[in-house]
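This is target.txt. It holds compact mmCIF, N, CA and C atoms.
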```
# COMPACT_ATOMS: atom_id res chain seq x y z
N MET P 145 105.42 79.31 70.80
CA MET P 145 104.59 80.43 71.15
C MET P 145 104.76 80.82 72.62
N ALA P 146 104.98 79.87 73.48
CA ALA P 146 105.09 80.14 74.91
C ALA P 146 106.30 81.02 75.20
N ILE P 147 107.38 80.83 74.46
CA ILE P 147 108.59 81.63 74.69
C ILE P 147 108.33 83.09 74.34
N CYS P 148 107.60 83.33 73.25
CA CYS P 148 107.28 84.71 72.87
C CYS P 148 106.42 85.38 73.94
N GLU P 149 105.47 84.65 74.48
CA GLU P 149 104.62 85.21 75.52
C GLU P 149 105.41 85.51 76.78
N LYS P 150 106.35 84.63 77.13
CA LYS P 150 107.19 84.87 78.30
C LYS P 150 108.08 86.07 78.10
N LEU P 151 108.63 86.24 76.90
CA LEU P 151 109.47 87.41 76.62
C LEU P 151 108.65 88.70 76.68
N LYS P 152 107.42 88.65 76.16
CA LYS P 152 106.56 89.82 76.21
C LYS P 152 106.22 90.18 77.65
N TYR P 153 105.94 89.16 78.47
CA TYR P 153 105.63 89.39 79.88
C TYR P 153 106.84 89.96 80.61
N ALA P 154 108.05 89.47 80.29
CA ALA P 154 109.26 89.98 80.94
C ALA P 154 109.52 91.43 80.54
N SER P 155 109.26 91.77 79.28
CA SER P 155 109.47 93.16 78.87
C SER P 155 108.44 94.08 79.52
N GLU P 156 107.22 93.60 79.73
CA GLU P 156 106.20 94.40 80.43
C GLU P 156 106.59 94.61 81.89
N GLN P 157 107.18 93.58 82.52
CA GLN P 157 107.61 93.71 83.91
C GLN P 157 108.72 94.74 84.04
N SER P 158 109.69 94.74 83.11
CA SER P 158 110.77 95.72 83.19
C SER P 158 110.22 97.12 82.93
N SER P 159 109.21 97.23 82.07
CA SER P 159 108.59 98.53 81.82
C SER P 159 107.89 99.03 83.07
N VAL P 160 107.24 98.16 83.81
CA VAL P 160 106.57 98.54 85.05
C VAL P 160 107.62 99.01 86.06
N PHE P 161 108.73 98.30 86.15
CA PHE P 161 109.79 98.70 87.08
C PHE P 161 110.35 100.06 86.71
N GLN P 162 110.54 100.31 85.42
CA GLN P 162 111.06 101.61 84.98
C GLN P 162 110.08 102.73 85.32
N LYS P 163 108.78 102.49 85.14
CA LYS P 163 107.78 103.50 85.49
C LYS P 163 107.77 103.76 86.99
N PHE P 164 107.85 102.70 87.78
CA PHE P 164 107.88 102.86 89.23
C PHE P 164 109.10 103.65 89.66
N PHE P 165 110.25 103.31 89.10
CA PHE P 165 111.48 104.00 89.47
C PHE P 165 111.42 105.47 89.08
N LEU P 166 110.85 105.77 87.92
CA LEU P 166 110.71 107.16 87.48
C LEU P 166 109.79 107.93 88.43
N LEU P 167 108.67 107.34 88.83
CA LEU P 167 107.77 107.99 89.79
C LEU P 167 108.44 108.19 91.14
N PHE P 168 109.25 107.24 91.55
CA PHE P 168 109.98 107.36 92.81
C PHE P 168 110.95 108.53 92.77
N ILE P 169 111.69 108.65 91.69
CA ILE P 169 112.66 109.75 91.54
C ILE P 169 111.94 111.10 91.49
N ILE P 170 110.84 111.17 90.75
CA ILE P 170 110.07 112.42 90.66
C ILE P 170 109.54 112.81 92.03
N GLY P 171 109.00 111.85 92.78
CA GLY P 171 108.49 112.12 94.12
C GLY P 171 109.58 112.61 95.06
N PHE P 172 110.72 111.96 95.01
CA PHE P 172 111.85 112.38 95.85
C PHE P 172 112.28 113.79 95.50
N PHE P 173 112.35 114.10 94.20
CA PHE P 173 112.74 115.43 93.74
C PHE P 173 111.73 116.49 94.20
N LEU P 174 110.44 116.18 94.11
CA LEU P 174 109.41 117.13 94.54
C LEU P 174 109.49 117.41 96.04
N ILE P 175 109.74 116.39 96.82
CA ILE P 175 109.89 116.59 98.26
C ILE P 175 111.10 117.47 98.54
N PHE P 176 112.20 117.21 97.88
CA PHE P 176 113.42 118.00 98.06
C PHE P 176 113.17 119.46 97.69
N VAL P 177 112.52 119.71 96.56
CA VAL P 177 112.23 121.08 96.12
C VAL P 177 111.30 121.77 97.12
N GLY P 178 110.31 121.07 97.63
CA GLY P 178 109.39 121.63 98.60
C GLY P 178 110.09 122.05 99.88
N ILE P 179 111.01 121.23 100.35
CA ILE P 179 111.76 121.57 101.56
C ILE P 179 112.62 122.81 101.32
N ILE P 180 113.27 122.89 100.17
CA ILE P 180 114.09 124.05 99.84
C ILE P 180 113.22 125.32 99.79
N ILE P 181 112.05 125.23 99.16
CA ILE P 181 111.15 126.39 99.06
C ILE P 181 110.71 126.84 100.45
N LEU P 182 110.37 125.90 101.33
CA LEU P 182 109.98 126.26 102.70
C LEU P 182 111.11 126.95 103.45
N MET P 183 112.33 126.44 103.30
CA MET P 183 113.46 127.06 104.00
C MET P 183 113.72 128.47 103.48
N VAL P 184 113.68 128.66 102.17
CA VAL P 184 113.91 129.98 101.59
C VAL P 184 112.81 130.95 102.02
N ALA P 185 111.57 130.51 102.01
CA ALA P 185 110.45 131.37 102.41
C ALA P 185 110.57 131.78 103.88
N ALA P 186 110.97 130.85 104.73
CA ALA P 186 111.10 131.17 106.15
C ALA P 186 112.23 132.16 106.40
N VAL P 187 113.31 132.06 105.64
CA VAL P 187 114.45 132.96 105.84
C VAL P 187 114.18 134.33 105.23
N LEU P 188 113.67 134.38 104.02
CA LEU P 188 113.49 135.65 103.32
C LEU P 188 112.35 136.49 103.87
N PHE P 189 111.24 135.88 104.14
CA PHE P 189 110.05 136.62 104.51
C PHE P 189 109.84 136.70 106.02
N ASP P 190 110.70 136.08 106.78
CA ASP P 190 110.68 136.15 108.23
C ASP P 190 109.28 135.90 108.79
N GLY P 191 108.57 135.01 108.16
CA GLY P 191 107.22 134.69 108.61
C GLY P 191 107.12 133.23 108.95
N SER P 192 105.92 132.83 109.17
CA SER P 192 105.70 131.42 109.49
C SER P 192 105.36 130.67 108.21
N ALA P 193 105.71 129.44 108.19
CA ALA P 193 105.42 128.60 107.04
C ALA P 193 104.40 127.54 107.47
N ASN P 194 103.64 127.09 106.53
CA ASN P 194 102.66 126.03 106.78
C ASN P 194 103.26 124.71 106.36
N PHE P 195 102.79 123.65 106.99
CA PHE P 195 103.31 122.33 106.69
C PHE P 195 102.18 121.33 106.83
N GLY P 196 102.05 120.47 105.84
CA GLY P 196 101.10 119.37 105.90
C GLY P 196 101.70 118.17 105.21
N ALA P 197 101.55 117.00 105.78
CA ALA P 197 102.18 115.82 105.19
C ALA P 197 101.39 114.57 105.57
N PHE P 198 101.59 113.55 104.77
CA PHE P 198 101.09 112.24 105.14
C PHE P 198 102.16 111.22 104.84
N ILE P 199 102.22 110.22 105.70
CA ILE P 199 103.23 109.16 105.58
C ILE P 199 102.48 107.84 105.65
N PHE P 200 102.81 106.95 104.74
CA PHE P 200 102.21 105.61 104.78
C PHE P 200 103.19 104.66 105.46
N ILE P 201 102.72 104.02 106.52
CA ILE P 201 103.48 102.94 107.15
C ILE P 201 102.59 101.71 107.01
N GLY P 202 102.93 100.90 106.03
CA GLY P 202 102.06 99.79 105.69
C GLY P 202 100.79 100.35 105.10
N PRO P 203 99.64 99.86 105.53
CA PRO P 203 98.38 100.40 105.00
C PRO P 203 97.84 101.59 105.80
N PHE P 204 98.57 102.05 106.81
CA PHE P 204 98.06 103.09 107.71
C PHE P 204 98.66 104.44 107.36
N PRO P 205 97.83 105.42 106.99
CA PRO P 205 98.36 106.77 106.75
C PRO P 205 98.47 107.55 108.05
N ILE P 206 99.56 108.30 108.17
CA ILE P 206 99.76 109.20 109.30
C ILE P 206 99.73 110.61 108.73
N VAL P 207 98.84 111.45 109.21
CA VAL P 207 98.67 112.80 108.69
C VAL P 207 99.10 113.78 109.77
N MET P 208 99.90 114.79 109.38
CA MET P 208 100.36 115.78 110.35
C MET P 208 100.44 117.15 109.69
N GLY P 209 100.45 118.19 110.50
CA GLY P 209 100.56 119.54 109.99
C GLY P 209 100.96 120.51 111.07
N ALA P 210 101.51 121.66 110.66
CA ALA P 210 101.93 122.70 111.60
C ALA P 210 101.81 124.05 110.92
N GLY P 211 101.57 125.08 111.70
CA GLY P 211 101.48 126.42 111.16
C GLY P 211 100.08 126.98 111.32
N PRO P 212 99.92 128.26 110.95
CA PRO P 212 98.61 128.91 111.12
C PRO P 212 97.52 128.30 110.23
N GLU P 213 97.87 127.82 109.08
CA GLU P 213 96.89 127.23 108.16
C GLU P 213 97.01 125.71 108.12
N ALA P 214 97.36 125.13 109.24
CA ALA P 214 97.61 123.68 109.29
C ALA P 214 96.36 122.87 108.96
N LEU P 215 95.20 123.36 109.33
CA LEU P 215 93.97 122.61 109.06
C LEU P 215 93.79 122.37 107.56
N TRP P 216 94.02 123.40 106.75
CA TRP P 216 93.88 123.24 105.30
C TRP P 216 94.95 122.31 104.74
N MET P 217 96.15 122.40 105.28
CA MET P 217 97.23 121.52 104.82
C MET P 217 96.92 120.06 105.18
N ILE P 218 96.37 119.84 106.36
CA ILE P 218 96.02 118.48 106.78
C ILE P 218 94.90 117.93 105.91
N LEU P 219 93.88 118.76 105.61
CA LEU P 219 92.81 118.31 104.72
C LEU P 219 93.34 117.96 103.33
N PHE P 220 94.25 118.79 102.83
CA PHE P 220 94.86 118.52 101.53
C PHE P 220 95.65 117.22 101.58
N ALA P 221 96.38 116.97 102.68
CA ALA P 221 97.15 115.73 102.82
C ALA P 221 96.22 114.52 102.89
N ILE P 222 95.08 114.66 103.55
CA ILE P 222 94.12 113.55 103.63
C ILE P 222 93.56 113.25 102.24
N ILE P 223 93.25 114.29 101.48
CA ILE P 223 92.75 114.08 100.11
C ILE P 223 93.80 113.36 99.27
N LEU P 224 95.07 113.79 99.39
CA LEU P 224 96.14 113.11 98.66
C LEU P 224 96.29 111.65 99.08
N ALA P 225 96.13 111.38 100.37
CA ALA P 225 96.24 110.01 100.86
C ALA P 225 95.13 109.14 100.27
N VAL P 226 93.91 109.66 100.25
CA VAL P 226 92.79 108.91 99.68
C VAL P 226 93.02 108.67 98.18
N LEU P 227 93.46 109.70 97.47
CA LEU P 227 93.73 109.54 96.04
C LEU P 227 94.84 108.52 95.78
N SER P 228 95.85 108.50 96.62
CA SER P 228 96.93 107.53 96.40
C SER P 228 96.46 106.10 96.66
N VAL P 229 95.58 105.91 97.63
CA VAL P 229 95.03 104.57 97.86
C VAL P 229 94.17 104.14 96.68
N ILE P 230 93.37 105.06 96.15
CA ILE P 230 92.54 104.75 94.98
C ILE P 230 93.42 104.40 93.78
N MET P 231 94.49 105.19 93.57
CA MET P 231 95.40 104.90 92.45
C MET P 231 96.05 103.53 92.62
N PHE P 232 96.44 103.20 93.85
CA PHE P 232 97.04 101.90 94.11
C PHE P 232 96.07 100.78 93.75
N LEU P 233 94.82 100.91 94.16
CA LEU P 233 93.83 99.86 93.88
C LEU P 233 93.55 99.74 92.39
N VAL P 234 93.45 100.86 91.70
CA VAL P 234 93.20 100.83 90.25
C VAL P 234 94.37 100.20 89.51
N LEU P 235 95.59 100.60 89.84
CA LEU P 235 96.77 100.04 89.18
C LEU P 235 96.93 98.56 89.49
N ARG P 236 96.57 98.16 90.71
CA ARG P 236 96.65 96.74 91.07
C ARG P 236 95.66 95.92 90.24
N ARG P 237 94.45 96.47 90.06
CA ARG P 237 93.44 95.78 89.25
C ARG P 237 93.91 95.66 87.80
N GLU P 238 94.49 96.74 87.27
CA GLU P 238 95.00 96.71 85.88
C GLU P 238 96.10 95.68 85.73
N ARG P 239 96.99 95.59 86.71
CA ARG P 239 98.08 94.63 86.63
C ARG P 239 97.55 93.22 86.66
N LYS P 240 96.55 92.95 87.50
CA LYS P 240 95.99 91.60 87.56
C LYS P 240 95.30 91.24 86.24
N LYS P 241 94.64 92.22 85.61
CA LYS P 241 94.01 91.96 84.31
C LYS P 241 95.06 91.63 83.27
N SER P 242 96.16 92.37 83.24
CA SER P 242 97.21 92.12 82.24
C SER P 242 97.91 90.80 82.49
N GLU P 243 98.10 90.42 83.76
CA GLU P 243 98.71 89.15 84.07
C GLU P 243 97.81 87.98 83.68
N SER P 244 96.51 88.13 83.89
CA SER P 244 95.60 87.03 83.55
C SER P 244 95.44 86.89 82.04
N SER P 245 95.58 88.00 81.29
CA SER P 245 95.49 87.89 79.84
C SER P 245 96.73 87.25 79.24
N VAL P 246 97.88 87.39 79.88
CA VAL P 246 99.11 86.78 79.39
C VAL P 246 99.10 85.28 79.65
N LEU P 247 98.59 84.89 80.82
CA LEU P 247 98.57 83.48 81.16
C LEU P 247 97.42 82.84 80.47
```
Rewrite the structure from the file as structure tokens, please.
Amino acid sequence: MAICEKLKYASEQSSVFQKFFLLFIIGFFLIFVGIIILMVAAVLFDGSANFGAFIFIGPFPIVMGAGPEALWMILFAIILAVLSVIMFLVLRRERKKSESSVL
């Protein structure tokens, strides 16, 4: 029975890695598309573009923004940062529950 449980746990771990990798690729693609859209908008409409971003370095979020509507972009980035921390904590709790049920 222990071998079956170990195989099930290993397949769950590879599934988690596949989900993480898929989210990583989607995030990278979204960032790339956003940069392209900003460049096209700046060239075609000869106007200013807004920018808001957050970067996680360890547990510390860095929030930045530029443009006439930078305040709204920064607020949106802060909301996204808080949501990502909440998602991290929820997913971590779920993983610990699944690991404890397997053992």
Top pick for closest residue to Val229 (chain P), considering P:Phe204, P:Phe165, P:Phe189, P:Phe173 and counting only C-alpha atoms
P:Phe204
Six-sided padding of 8 Å per side, axis-aligned box over region 215-234 of chain P, centre and edges in Å, one decimal, as lines of an AutoDock Vina configuration file:
```
center_x = 94.9
center_y = 111.6
center_z = 99.4
size_x = 20.7
size_y = 39.7
size_z = 35.8
```
Could you tell me how far atom C of Ser244 (chain P) lies from atom C of Phe168 (chain P), in Å and to one decimal?
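Value for the atom C of Ser244 (chain P)-atom C of Phe168 (chain P) distance: 28.7 Å.
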Interatomic distance, atom C of Ile170 (chain P) to atom C of Phe198 (chain P) (Å, one decimal)
14.9 Å
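Closest approach to Leu227 (chain P) among P:Ala185, P:Ile180, P:Pro205, P:Leu166: P:Pro205, based on only C-alpha atoms.
The space separating CA of Phe161 (chain P) from CA of Ile199 (chain P) comes to 22.2 Å.
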Filtered DSSP result for region 165-236 of chain P, state alpha helix (DSSP H), as an NGL selection string:
:P and (165-189 or 214-236)
